[in-house]
Amino acid sequence: MPITYSRRLHWTTPRNRLATLLAARRAARAPLLDLTGTNPTQAGFEYPAREILQALTHPGALTYDPSAAGLPQAREAVAGYYADLGFNVHPERILLTASTSEAYSFLFKLLCDPGCSVLPPRPSYPLFDYLARLELCRLSSYPLHYDGAWSPVPELADTTNARAWIAVSPNNPTGSYLKQHEPARFHAAAPLPIICDEVFTCYALREDPSRIHSMAGQDTTPSFSLSGLSKICGLPQMKLGWIVASGEGASDSMARLELIADTFLSASAPVQYASVQWLALRGAVQSAILSRARENLAILRRLAGPTSPLTLLDAEGGWTAVLRIPGSLSDEERVYRLLDQDNVLLQPGYFYDFDGGTYVVVSLLTRPGHLEEGITRLLRRVSDT
Ligand SMILES: Cc1ncc(COP(=O)(O)O)c(C=O)c1O
């Protein structure tokens with residue numbers, strides 16, 4: 001009996017030529033300078049291993065006593081994280097999930113009927129396409145305009161049937177933060193709640209008083225702030241994220257979100273108990289990541305200086321940087337050739353929906369020696385072609 005599958009996803013997307021080449025090189029154990037890795041647990045950072053593991057031994061984890069929004073201790077610890085950033089968030093406005101990605105899926109369930117749209121920035125994080133399709137929603141993006149700095153142009157979004165704006169602050173991969181005046185612009189373009197993905201907010205690469213570090217705790221614009229241990233503590237494997245509901249309608253939204261969360265109860269008890277300790281340990285890992293990111297940014301600034309054919313786009317925060325490459329070669333072809341001929345892996349801009357030029361995305365978590373060598377090889381090729 002043939003099985004009829006849903007049409008939420010294109011289940012059989014063929015592997016593209018870059019992925020095929022990469023798989024072949026990995027299978028052959030060919031040398032590779034990978035400048036794309038954003039997994040902090042495999043980037044050579046030192047973690048307080050004993051304390052991290054010890055946190056998983058809380059005796060409370062032996063009892064199943066679920067709470068839809070999350071254990072009170074863990075929600076208080078998350079409220080403490082916001083207090084450290086200067087935001088007053090009541091634990092009752094926090095709902096724990098297994099990840100930020102799951103938090104998106106809960107919010108799409110909360111806000112969208114099938115066929116409704118959500119409005120993410122472009123360029124941005126490629127997972128949105130899957131997250132939306134899995135919830136039977138559409139994406140209708142608004143552009144981020146670049147003129148030496150990034151700014152959103154929400155006026156250009158098609159807001160028909162839209163249920164929420166998505167702001168990623170700082171954005172992956174452009175590194176741009178949401179600015180104080182921008183929520184009002186979104187509201188003027190369409191009065192919808194803002195889902196603000198703040199997973200990278202602690203990784204500012206320079207200071208700027210005009211930016212918004214979090215929408216959590218503000219009491220006007222309906223908003224949902226998303227974050228989690230994945231980036232804040234550099235612990236993506238532990239699987240804990242959250243939603244903070246703020247602004248008008250927050251308590252109603254929380255009640256509905258609890259109903260969704262109660263259906264799955266997906267955040268595990270050991271991880272929730274341990275999160276109290278892990279959040280307290282976040283400082284050391286954050287500083288190690290931030291100092292690596294800043295060192296890499298300095299290398300990129302040097303290699304993409306005024307006499308270089310490469311242009312480094314402004315990077316305010318986060319774990320990625322974007323380079324513009326001159327010439328007529330597409331980013332896909334450029335990245336393919338670089339892997340094939342020079343064993344260097346970069347991400348092509350089209351993964352993130354860049355248009356109007358050749359862009360590549362570099363991870364700022366790369367080991368600095370690898371980054372310098374990889375970009376030097378790129379420069380040699382760019383100068384040759
Ligand atoms: C902007 C952004 N949001 C969310 C996530 C996913 O976070 P999580 O591991 O909590 O699902 C990522 C992961 O790279 C990301 O770049």
# chains A, B, ... in the order shown; residues from 1 in each chain; ligands from 1
$ residues_near_ligand --ligand "ligand 1" --cutoff "9 Å" --atoms "only C-alpha atoms and all ligand atoms" --output "number ranges by chain"
A: 38-39, 97-104, 124-127, 168-173, 197-200, 226-231, 235-237, 239-242, 318-319
$ residues_around --residues "segment 290-295 of chain A" --least-positions-apart "5" --cutoff "12 Å" --atoms "only C-alpha atoms" --output "mmCIF file with N, CA, C and O atoms, in the first residue's frame"
data_model
loop_
_atom_site.group_PDB
_atom_site.id
_atom_site.type_symbol
_atom_site.label_atom_id
_atom_site.label_comp_id
_atom_site.auth_asym_id
_atom_site.auth_seq_id
_atom_site.Cartn_x
_atom_site.Cartn_y
_atom_site.Cartn_z
ATOM 1 N N THR A 38 29.747 26.704 13.021
ATOM 2 C CA THR A 38 29.235 27.547 14.109
ATOM 3 C C THR A 38 28.824 26.683 15.308
ATOM 4 O O THR A 38 28.035 27.109 16.139
ATOM 5 N N PRO A 40 29.749 25.626 18.659
ATOM 6 C CA PRO A 40 30.766 26.071 19.620
ATOM 7 C C PRO A 40 31.451 24.919 20.348
ATOM 8 O O PRO A 40 32.567 25.078 20.836
ATOM 9 N N ALA A 43 34.732 23.914 18.397
ATOM 10 C CA ALA A 43 35.530 25.032 17.880
ATOM 11 C C ALA A 43 36.754 25.292 18.758
ATOM 12 O O ALA A 43 37.412 26.323 18.610
ATOM 13 N N GLY A 44 37.042 24.373 19.672
ATOM 14 C CA GLY A 44 38.262 24.500 20.472
ATOM 15 C C GLY A 44 38.136 25.415 21.683
ATOM 16 O O GLY A 44 39.148 25.901 22.181
ATOM 17 N N PHE A 45 36.924 25.649 22.172
ATOM 18 C CA PHE A 45 36.771 26.460 23.394
ATOM 19 C C PHE A 45 36.870 25.548 24.616
ATOM 20 O O PHE A 45 36.446 24.400 24.568
ATOM 21 N N GLY A 175 24.556 40.226 11.168
ATOM 22 C CA GLY A 175 25.048 40.764 12.442
ATOM 23 C C GLY A 175 24.369 42.052 12.868
ATOM 24 O O GLY A 175 24.785 42.684 13.837
ATOM 25 N N PHE A 200 21.685 35.782 19.761
ATOM 26 C CA PHE A 200 23.074 36.279 19.712
ATOM 27 C C PHE A 200 23.254 37.618 20.430
ATOM 28 O O PHE A 200 24.283 38.268 20.252
ATOM 29 N N THR A 201 22.275 38.052 21.197
ATOM 30 C CA THR A 201 22.341 39.421 21.724
ATOM 31 C C THR A 201 23.561 39.683 22.612
ATOM 32 O O THR A 201 24.041 40.814 22.687
ATOM 33 N N CYS A 202 24.088 38.651 23.253
ATOM 34 C CA CYS A 202 25.250 38.862 24.139
ATOM 35 C C CYS A 202 26.557 38.981 23.370
ATOM 36 O O CYS A 202 27.617 39.110 23.986
ATOM 37 N N TYR A 203 26.501 38.840 22.047
ATOM 38 C CA TYR A 203 27.747 38.829 21.270
ATOM 39 C C TYR A 203 27.883 40.095 20.424
ATOM 40 O O TYR A 203 28.007 40.046 19.200
ATOM 41 N N ALA A 204 27.873 41.246 21.099
ATOM 42 C CA ALA A 204 28.055 42.518 20.392
ATOM 43 C C ALA A 204 29.530 42.679 20.051
ATOM 44 O O ALA A 204 30.392 42.520 20.913
ATOM 45 N N LEU A 205 29.806 43.002 18.800
ATOM 46 C CA LEU A 205 31.204 43.144 18.371
ATOM 47 C C LEU A 205 31.696 44.577 18.557
ATOM 48 O O LEU A 205 32.877 44.847 18.449
ATOM 49 N N ARG A 206 30.773 45.487 18.766
ATOM 50 C CA ARG A 206 31.108 46.848 19.185
ATOM 51 C C ARG A 206 29.864 47.438 19.852
ATOM 52 O O ARG A 206 28.775 46.870 19.728
ATOM 53 N N LYS A 231 23.157 29.376 22.249
ATOM 54 C CA LYS A 231 24.128 30.438 21.981
ATOM 55 C C LYS A 231 24.565 31.131 23.278
ATOM 56 O O LYS A 231 25.745 31.442 23.443
ATOM 57 N N ILE A 232 23.622 31.361 24.194
ATOM 58 C CA ILE A 232 23.959 32.098 25.431
ATOM 59 C C ILE A 232 25.031 31.378 26.238
ATOM 60 O O ILE A 232 25.930 31.998 26.783
ATOM 61 N N CYS A 233 24.913 30.050 26.322
ATOM 62 C CA CYS A 233 25.888 29.275 27.096
ATOM 63 C C CYS A 233 26.791 28.459 26.184
ATOM 64 O O CYS A 233 27.624 27.688 26.688
ATOM 65 N N GLY A 234 26.603 28.560 24.877
ATOM 66 C CA GLY A 234 27.399 27.746 23.952
ATOM 67 C C GLY A 234 27.125 26.263 24.146
ATOM 68 O O GLY A 234 28.016 25.434 23.998
ATOM 69 N N ARG A 282 27.736 31.007 32.338
ATOM 70 C CA ARG A 282 27.826 31.432 30.925
ATOM 71 C C ARG A 282 28.947 32.429 30.634
ATOM 72 O O ARG A 282 29.437 32.503 29.506
ATOM 73 N N GLY A 283 29.366 33.188 31.672
ATOM 74 C CA GLY A 283 30.306 34.286 31.434
ATOM 75 C C GLY A 283 31.596 33.848 30.757
ATOM 76 O O GLY A 283 32.034 34.472 29.780
ATOM 77 N N ALA A 284 32.204 32.752 31.247
ATOM 78 C CA ALA A 284 33.518 32.348 30.728
ATOM 79 C C ALA A 284 33.417 31.940 29.260
ATOM 80 O O ALA A 284 34.247 32.326 28.427
ATOM 81 N N VAL A 285 32.382 31.154 28.941
ATOM 82 C CA VAL A 285 32.239 30.696 27.551
ATOM 83 C C VAL A 285 31.931 31.887 26.639
ATOM 84 O O VAL A 285 32.515 32.029 25.558
ATOM 85 N N LEU A 300 39.700 39.780 9.355
ATOM 86 C CA LEU A 300 38.926 40.066 8.137
ATOM 87 C C LEU A 300 39.071 41.528 7.731
ATOM 88 O O LEU A 300 39.184 41.844 6.549
ATOM 89 N N ARG A 301 39.090 42.428 8.729
ATOM 90 C CA ARG A 301 39.241 43.860 8.409
ATOM 91 C C ARG A 301 40.570 44.103 7.707
ATOM 92 O O ARG A 301 40.663 44.886 6.781
ATOM 93 N N ARG A 302 41.603 43.397 8.172
ATOM 94 C CA ARG A 302 42.928 43.573 7.577
ATOM 95 C C ARG A 302 42.941 43.013 6.148
ATOM 96 O O ARG A 302 43.402 43.666 5.218
ATOM 97 N N ALA A 315 29.591 44.387 10.566
ATOM 98 C CA ALA A 315 29.131 43.302 11.447
ATOM 99 C C ALA A 315 29.041 43.862 12.854
ATOM 100 O O ALA A 315 30.055 44.171 13.464
ATOM 101 N N GLU A 316 27.824 43.999 13.359
ATOM 102 C CA GLU A 316 27.651 44.570 14.703
ATOM 103 C C GLU A 316 27.726 43.526 15.796
ATOM 104 O O GLU A 316 28.085 43.834 16.932
ATOM 105 N N GLY A 317 27.297 42.307 15.481
ATOM 106 C CA GLY A 317 27.266 41.284 16.517
ATOM 107 C C GLY A 317 27.006 39.912 15.924
ATOM 108 O O GLY A 317 26.756 39.774 14.726
ATOM 109 N N GLY A 318 27.077 38.887 16.777
ATOM 110 C CA GLY A 318 26.786 37.524 16.322
ATOM 111 C C GLY A 318 28.034 36.744 15.972
ATOM 112 O O GLY A 318 29.152 37.168 16.288
ATOM 113 N N TRP A 319 27.829 35.629 15.316
ATOM 114 C CA TRP A 319 28.915 34.675 15.068
ATOM 115 C C TRP A 319 29.309 34.578 13.601
ATOM 116 O O TRP A 319 30.008 33.641 13.207
ATOM 117 N N THR A 320 28.820 35.511 12.778
ATOM 118 C CA THR A 320 29.130 35.417 11.344
ATOM 119 C C THR A 320 29.532 36.784 10.785
ATOM 120 O O THR A 320 29.196 37.819 11.358
ATOM 121 N N ALA A 321 30.251 36.729 9.669
ATOM 122 C CA ALA A 321 30.576 37.964 8.948
ATOM 123 C C ALA A 321 30.347 37.704 7.464
ATOM 124 O O ALA A 321 30.383 36.553 7.011
ATOM 125 N N VAL A 362 31.141 33.849 6.510
ATOM 126 C CA VAL A 362 32.255 33.236 7.239
ATOM 127 C C VAL A 362 31.862 33.123 8.706
ATOM 128 O O VAL A 362 31.297 34.066 9.274
ATOM 129 N N SER A 363 32.190 31.999 9.327
ATOM 130 C CA SER A 363 31.914 31.875 10.757
ATOM 131 C C SER A 363 33.029 32.529 11.569
ATOM 132 O O SER A 363 34.215 32.240 11.368
ATOM 133 N N LEU A 364 32.630 33.367 12.505
ATOM 134 C CA LEU A 364 33.616 34.031 13.377
ATOM 135 C C LEU A 364 34.071 33.113 14.506
ATOM 136 O O LEU A 364 34.888 33.505 15.338
ATOM 137 N N LEU A 365 33.553 31.872 14.543
ATOM 138 C CA LEU A 365 34.040 30.900 15.533
ATOM 139 C C LEU A 365 35.213 30.086 14.990
ATOM 140 O O LEU A 365 35.807 29.291 15.712
ATOM 141 N N THR A 366 35.539 30.280 13.709
ATOM 142 C CA THR A 366 36.649 29.552 13.090
ATOM 143 C C THR A 366 37.949 29.819 13.850
ATOM 144 O O THR A 366 38.153 30.924 14.372
ATOM 145 N N ARG A 367 38.826 28.816 13.889
ATOM 146 C CA ARG A 367 40.135 29.068 14.502
ATOM 147 C C ARG A 367 40.846 30.151 13.680
ATOM 148 O O ARG A 367 40.898 30.060 12.452
ATOM 149 N N PRO A 368 41.385 31.189 14.342
ATOM 150 C CA PRO A 368 41.913 32.348 13.598
ATOM 151 C C PRO A 368 42.965 31.989 12.541
ATOM 152 O O PRO A 368 42.954 32.561 11.448
ATOM 153 N N GLY A 369 43.815 31.015 12.829
ATOM 154 C CA GLY A 369 44.834 30.621 11.838
ATOM 155 C C GLY A 369 44.167 30.076 10.578
ATOM 156 O O GLY A 369 44.609 30.354 9.450
ATOM 157 N N LEU A 371 41.114 30.763 9.545
ATOM 158 C CA LEU A 371 40.403 31.860 8.874
ATOM 159 C C LEU A 371 41.386 32.661 8.012
ATOM 160 O O LEU A 371 41.124 32.948 6.838
ATOM 161 N N GLU A 372 42.518 32.991 8.590
ATOM 162 C CA GLU A 372 43.515 33.795 7.868
ATOM 163 C C GLU A 372 43.980 33.052 6.614
ATOM 164 O O GLU A 372 44.039 33.621 5.530
#
$ residues_around --residues "Leu119 of chain A" --least-positions-apart "3" --cutoff "6 Å" --atoms "only C-alpha atoms" --output "list of chain:residue names"
A:Leu139, A:Ser140, A:Ser141, A:Trp165, A:Ile166
$ closest_atom_pairs --of "segment 198-238 of chain A" --to "segment 178-183 of chain A" --cutoff "6 Å" --atoms "only C-alpha atoms" --output "JSON lines"
{"residue": "A:Ser210", "atom": "CA", "partner": "A:Lys179", "partner_atom": "CA", "distance": 5.5}
{"residue": "A:Arg211", "atom": "CA", "partner": "A:Lys179", "partner_atom": "CA", "distance": 4.1}
{"residue": "A:Ile212", "atom": "CA", "partner": "A:Lys179", "partner_atom": "CA", "distance": 5.3}
$ select_by_dssp --residues "segment 159-374 of chain A" --states "strand (DSSP E)" --output "MDAnalysis selection string"
chainID A and resid 162:168 194:197 223:228 241:246 311:312 320:325 344:345 347:348 358:363
$ residues_around --residues "Tyr273 of chain A" --least-positions-apart "3" --cutoff "8 Å" --atoms "only C-alpha atoms" --output "ChimeraX atom specification"
/A:55-56,58,60-61,71,73-74,269-270,276-277
$ atom_distance --atom1 "atom CA of His10 of chain A" --atom2 "atom CA of Leu111 of chain A"
23.7 Å
$ residues_around --residues "Ala77 of chain A" --least-positions-apart "2" --cutoff "12 Å" --atoms "only C-alpha atoms" --output "JSON, numbers by chain"
{"A": [70, 71, 72, 73, 74, 75, 79, 80, 81, 82, 83, 84, 89, 90, 91, 94, 96, 228, 229, 242, 272, 273, 274, 275, 276, 277, 278, 279, 280, 281]}
$ closest_residue --among "A:Ala30, A:Leu110, A:Ala69, A:Leu192" --to "Cys137 of chain A" --atoms "only C-alpha atoms"
A:Leu110
$ atom_distance --atom1 "atom CA of Tyr350 of chain A" --atom2 "atom CA of Arg163 of chain A"
26.0 Å
$ closest_residue --among "A:Arg15, A:Ser251, A:Ala261, A:Ile299" --to "Thr376 of chain A" --atoms "only C-alpha atoms"
A:Ile299
$ atom_distance --atom1 "atom CA of Asp113 of chain A" --atom2 "atom CA of Thr220 of chain A"
24.7 Å
$ select_by_dssp --residues "segment 134-361 of chain A" --states "alpha helix (DSSP H)" --output "VMD selection string"
chain A and resid 134 182 to 189 229 to 232 250 to 264 269 to 280 282 to 303 331 to 342
$ closest_residue --among "A:Ala188, A:Leu136, A:Leu18, A:Cys196" --to "Leu345 of chain A" --atoms "only C-alpha atoms"
A:Leu18
$ closest_residue --among "A:Tyr177, A:Tyr336, A:Tyr130, A:Phe108" --to "Ala162 of chain A" --atoms "only C-alpha atoms"
A:Phe108
$ decode --residues "segment 196-211 of chain A" --atoms "N, CA and C atoms" --output "compact mmCIF listing (two decimals), in the first residue's frame"
# COMPACT_ATOMS: atom_id res chain seq x y z
N CYS A 196 11.01 38.38 18.27
CA CYS A 196 12.38 38.91 18.24
C CYS A 196 13.36 37.82 18.68
N ASP A 197 14.12 37.32 17.73
CA ASP A 197 15.10 36.25 17.99
C ASP A 197 16.37 36.91 18.51
N GLU A 198 16.63 36.70 19.79
CA GLU A 198 17.74 37.40 20.45
C GLU A 198 18.86 36.44 20.86
N VAL A 199 18.97 35.32 20.14
CA VAL A 199 19.93 34.29 20.59
C VAL A 199 21.37 34.82 20.63
N PHE A 200 21.68 35.78 19.76
CA PHE A 200 23.07 36.28 19.71
C PHE A 200 23.25 37.62 20.43
N THR A 201 22.27 38.05 21.20
CA THR A 201 22.34 39.42 21.72
C THR A 201 23.56 39.68 22.61
N CYS A 202 24.09 38.65 23.25
CA CYS A 202 25.25 38.86 24.14
C CYS A 202 26.56 38.98 23.37
N TYR A 203 26.50 38.84 22.05
CA TYR A 203 27.75 38.83 21.27
C TYR A 203 27.88 40.10 20.42
N ALA A 204 27.87 41.25 21.10
CA ALA A 204 28.05 42.52 20.39
C ALA A 204 29.53 42.68 20.05
N LEU A 205 29.81 43.00 18.80
CA LEU A 205 31.20 43.14 18.37
C LEU A 205 31.70 44.58 18.56
N ARG A 206 30.77 45.49 18.77
CA ARG A 206 31.11 46.85 19.18
C ARG A 206 29.86 47.44 19.85
N GLU A 207 30.06 48.53 20.55
CA GLU A 207 28.94 49.13 21.28
C GLU A 207 28.16 50.09 20.39
N ASP A 208 26.87 50.22 20.67
CA ASP A 208 26.04 51.17 19.95
C ASP A 208 24.78 51.41 20.79
N PRO A 209 24.65 52.61 21.36
CA PRO A 209 23.51 52.85 22.25
C PRO A 209 22.16 52.84 21.55
N SER A 210 22.14 52.88 20.21
CA SER A 210 20.85 52.94 19.53
C SER A 210 20.20 51.56 19.39
N ARG A 211 20.92 50.50 19.82
CA ARG A 211 20.33 49.19 19.56
C ARG A 211 19.44 48.68 20.70
